[in-house]
Structure formats: C-alpha cells, structure tokens
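data-v1.cif follows (mmCIF, C-alpha atoms):
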data_input
#
loop_
_atom_site.label_atom_id
_atom_site.label_comp_id
_atom_site.auth_asym_id
_atom_site.auth_seq_id
_atom_site.Cartn_x
_atom_site.Cartn_y
_atom_site.Cartn_z
CA MET H 5 107.57 65.27 93.55
CA ALA H 6 110.04 62.57 94.41
CA SER H 7 109.09 59.93 96.87
CA PRO H 8 111.25 59.49 99.96
CA GLY H 9 112.67 56.25 98.59
CA SER H 10 113.67 57.61 95.18
CA ASP H 11 117.19 58.63 94.25
CA ALA H 12 116.17 61.96 92.69
CA GLY H 13 118.03 63.93 95.34
CA ARG H 14 121.09 61.72 95.27
CA HIS H 15 122.38 63.26 92.07
CA LEU H 16 122.55 66.75 93.53
CA GLN H 17 126.07 67.82 94.23
CA LEU H 18 126.54 69.93 97.28
CA HIS H 19 128.89 72.79 96.67
CA GLN H 20 131.38 72.78 99.48
CA PRO H 21 133.02 76.14 100.04
CA HIS H 22 136.69 76.04 99.22
CA THR H 23 138.61 75.59 102.40
CA GLU H 24 141.27 78.20 102.87
CA PRO H 25 144.79 77.02 103.52
CA ALA H 26 145.77 76.67 107.13
CA PRO H 27 146.77 80.02 108.61
CA GLU H 28 150.00 78.66 110.02
CA ALA H 29 152.01 79.69 106.96
CA ALA H 30 150.65 83.24 107.17
CA PHE H 31 151.40 83.32 110.90
CA ARG H 32 155.00 82.22 110.26
CA GLU H 33 155.45 84.87 107.58
CA ALA H 34 153.97 87.61 109.78
CA GLN H 35 156.09 86.47 112.73
CA LYS H 36 159.29 86.61 110.66
CA TRP H 37 158.37 90.10 109.46
CA ILE H 38 157.59 91.35 112.98
CA GLU H 39 160.84 89.89 114.29
CA ALA H 40 162.80 91.48 111.43
CA VAL H 41 161.21 94.91 111.90
CA THR H 42 161.42 94.98 115.71
CA GLY H 43 164.62 93.01 116.23
CA ARG H 44 162.74 91.08 118.92
CA CYS H 45 162.06 87.36 119.01
CA PHE H 46 158.83 85.57 119.89
CA GLY H 47 160.91 83.00 121.75
CA GLU H 48 159.03 79.81 122.59
CA LYS H 49 155.61 81.44 122.22
CA ASP H 50 153.36 80.83 119.26
CA PHE H 51 152.09 83.72 117.14
CA ARG H 52 149.08 84.52 119.32
CA GLY H 53 151.01 84.03 122.54
CA GLY H 54 153.75 86.37 121.42
CA LEU H 55 151.30 89.15 120.65
CA GLU H 56 148.62 88.74 123.31
CA ASN H 57 150.12 91.12 125.87
CA GLY H 58 150.48 93.85 123.24
CA ILE H 59 154.09 94.68 124.07
CA LEU H 60 155.51 93.39 120.81
CA LEU H 61 152.73 95.17 118.90
CA CYS H 62 153.66 98.47 120.53
CA GLU H 63 157.33 97.81 119.75
CA LEU H 64 156.29 97.16 116.14
CA LEU H 65 154.53 100.54 116.04
CA SER H 66 157.63 102.20 117.49
CA SER H 67 159.77 100.57 114.83
CA ILE H 68 157.46 101.63 112.01
CA LYS H 69 156.91 105.15 113.29
CA PRO H 70 159.51 106.12 115.93
CA GLY H 71 158.19 108.28 118.73
CA LEU H 72 154.60 107.19 118.22
CA VAL H 73 154.47 105.06 121.37
CA LYS H 74 155.55 107.19 124.31
CA LYS H 75 155.45 104.42 126.92
CA ILE H 76 154.80 100.70 126.70
CA ASN H 77 152.89 99.21 129.59
CA ARG H 78 154.89 96.11 130.47
CA LEU H 79 152.89 95.05 133.50
CA PRO H 80 151.99 91.35 133.32
CA THR H 81 148.27 91.92 133.80
CA PRO H 82 145.44 91.16 131.37
CA ILE H 83 144.25 94.78 131.51
CA ALA H 84 147.70 96.12 130.61
CA GLY H 85 147.82 93.76 127.63
CA LEU H 86 144.34 94.77 126.54
CA VAL H 87 145.26 98.46 126.72
CA SER H 88 148.36 97.84 124.59
CA VAL H 89 146.43 95.85 122.00
CA LEU H 90 143.68 98.47 121.83
CA PHE H 91 146.29 101.21 121.43
CA TRP H 92 147.85 99.26 118.56
CA ILE H 93 144.49 98.82 116.83
CA GLN H 94 143.50 102.48 117.24
CA THR H 95 146.88 103.74 116.07
CA SER H 96 147.00 101.35 113.13
CA VAL H 97 143.59 102.50 111.96
CA LEU H 98 144.38 106.17 112.60
CA PHE H 99 147.59 106.07 110.59
CA GLN H 100 146.22 103.56 108.08
CA LEU H 101 149.19 101.28 108.67
CA PHE H 102 147.30 98.34 107.25
CA ASP H 103 147.22 100.04 103.84
CA GLN H 104 150.96 100.65 103.93
CA LEU H 105 152.01 97.11 104.80
#
Could the structure of this file be written out as structure tokens, please?
Amino acid sequence: MASPGSDAGRHLQLHQPHTEPAPEAAFREAQKWIEAVTGRCFGEKDFRGGLENGILLCELLSSIKPGLVKKINRLPTPIAGLVSVLFWIQTSVLFQLFDQL
C-alpha cells in the first residue's frame, strides 16, 4: 500500500471522456434545413428561441406531411407553445419522422 506521500498514484492517467464538438454547428445545419423546408426564417432568434413556441415545428410538420396539422395555435402563451411542441413530438414519433430524416 502506498503511503500518502508517495508518488505511486501520480502515474495513473485519468481517462477524460472525449468532449463532443460544440452543438452550434449542428444547430446551424438544422436551422438551415428547417428554413429551407418551411420557407420561414428564424429571424433574430437563436435555434432554441425560434422553436420554443412550437409554431415553426408545426409548420415543419405541415411541410413534410401536408394536411397533418389542421390548426396551429399561434397564441403567445407558454401553454400554447407547450401544446404545439408536444403535438410535434407525438406526431414525429407516431409517423417515425426521425427515421426518415
């Protein structure tokens, strides 16, 4: 057993997990794709800000599968945004859109 003052433990190399590249590049690529598919622009908002109310996500669904979204709730309330985002998630899973992208 090594004494507290020995350097036995100093030669151990800690394996640091590889850090993944910053997500900004992926966000930019996804944003360009969403803008190309929907014909809509994020404007001055960042990726999260442009999607948080769910409107653009519903427009994306409508562009991918026309007629799927009957009505988009455009009210500027947190609940309306949450409903739109939940609808997008449920529909994406139901139609396995993630596998097709």
Inset, instruction - Just give me the gap between atom CA of H:Phe31 and atom CA of H:Lys69 in Å, one decimal is fine. - result: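 Going from atom CA of H:Phe31 over to atom CA of H:Lys69 covers 22.6 Å.
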Inset, instruction - In Å, rounded to a single decimal, give me how far atom CA of H:Arg44 is from atom CA of H:Lys75. - result: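 For atom CA of H:Lys75 relative to atom CA of H:Arg44, the distance reads 17.2 Å.
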Inset, instruction - For H:Leu86, list every protein, DNA or RNA residue within 12 Å, evaluated using only C-alpha atoms, and leave out those in the same chain fewer than 3 positions away; present the list as a list in words. - result: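 Close residues of H:Leu86: Leu55, Glu56, Asn57, Gly58, Ile59, Leu61, Cys62, Asn77, Arg78, Leu79, Pro80, Thr81, Pro82, Ile83, Val89, Leu90, Phe91, Trp92 and Ile93 of chain H.
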Include C-alpha atoms and write out the residues we just selected as a PDB file, in the coordinates of the input.
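Dumped everything to result.pdb:
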ATOM      1  CA  LEU H  55     151.300  89.150 120.650  1.00  0.00           C
ATOM      2  CA  GLU H  56     148.620  88.740 123.310  1.00  0.00           C
ATOM      3  CA  ASN H  57     150.120  91.120 125.870  1.00  0.00           C
ATOM      4  CA  GLY H  58     150.480  93.850 123.240  1.00  0.00           C
ATOM      5  CA  ILE H  59     154.090  94.680 124.070  1.00  0.00           C
ATOM      6  CA  LEU H  61     152.730  95.170 118.900  1.00  0.00           C
ATOM      7  CA  CYS H  62     153.660  98.470 120.530  1.00  0.00           C
ATOM      8  CA  ASN H  77     152.890  99.210 129.590  1.00  0.00           C
ATOM      9  CA  ARG H  78     154.890  96.110 130.470  1.00  0.00           C
ATOM     10  CA  LEU H  79     152.890  95.050 133.500  1.00  0.00           C
ATOM     11  CA  PRO H  80     151.990  91.350 133.320  1.00  0.00           C
ATOM     12  CA  THR H  81     148.270  91.920 133.800  1.00  0.00           C
ATOM     13  CA  PRO H  82     145.440  91.160 131.370  1.00  0.00           C
ATOM     14  CA  ILE H  83     144.250  94.780 131.510  1.00  0.00           C
ATOM     15  CA  VAL H  89     146.430  95.850 122.000  1.00  0.00           C
ATOM     16  CA  LEU H  90     143.680  98.470 121.830  1.00  0.00           C
ATOM     17  CA  PHE H  91     146.290 101.210 121.430  1.00  0.00           C
ATOM     18  CA  TRP H  92     147.850  99.260 118.560  1.00  0.00           C
ATOM     19  CA  ILE H  93     144.490  98.820 116.830  1.00  0.00           C
TER      20      ILE H  93
END
Inset, instruction - Would you mind telling me which residue in H:Ser96, H:Val87, H:Gln35, H:Pro27 lies nearest to H:Gly53 when using only C-alpha atoms? - result: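 Answer, going by the shortest atom-to-atom distance: H:Gln35.
Between atom CA of H:Val73 and atom CA of H:Thr42 lies a distance of 13.5 Å.
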Legend entry - H:Phe51, H:Lys74, H:Thr95, H:Cys45 ranked by distance to H:Ala30, top pick (using only C-alpha atoms): H:Phe51
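Taking only C-alpha atoms into account, H:Ile68 lies nearest to H:Trp37 out of the set H:Trp37, H:Arg32, H:Gly54, H:Ser88.
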Mind working out the centre and edge lengths of an axis-aligned box for stretch 40-48 of chain H, all listed atoms inside, 4 Å added to each side, rounded to one decimal in Å and written as JSON?
{"center_x": 161.7, "center_y": 87.4, "center_z": 117.0, "size_x": 13.8, "size_y": 23.2, "size_z": 19.2}
Inset, instruction - Would you please work out which residue, of H:Leu72, H:Ala26, H:Gly85, H:Glu48, is nearest to H:Leu60 when using only C-alpha atoms? - result: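 The closest residue to H:Leu60 is H:Gly85.
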Inset, instruction - With only C-alpha atoms counted, which protein, DNA or RNA residues have an atom no more than 9 Å from (159.4, 99.2, 113.2) in the file frame? Please answer as an MDAnalysis selection string. - result: chainID H and resid 38 40:43 63:70
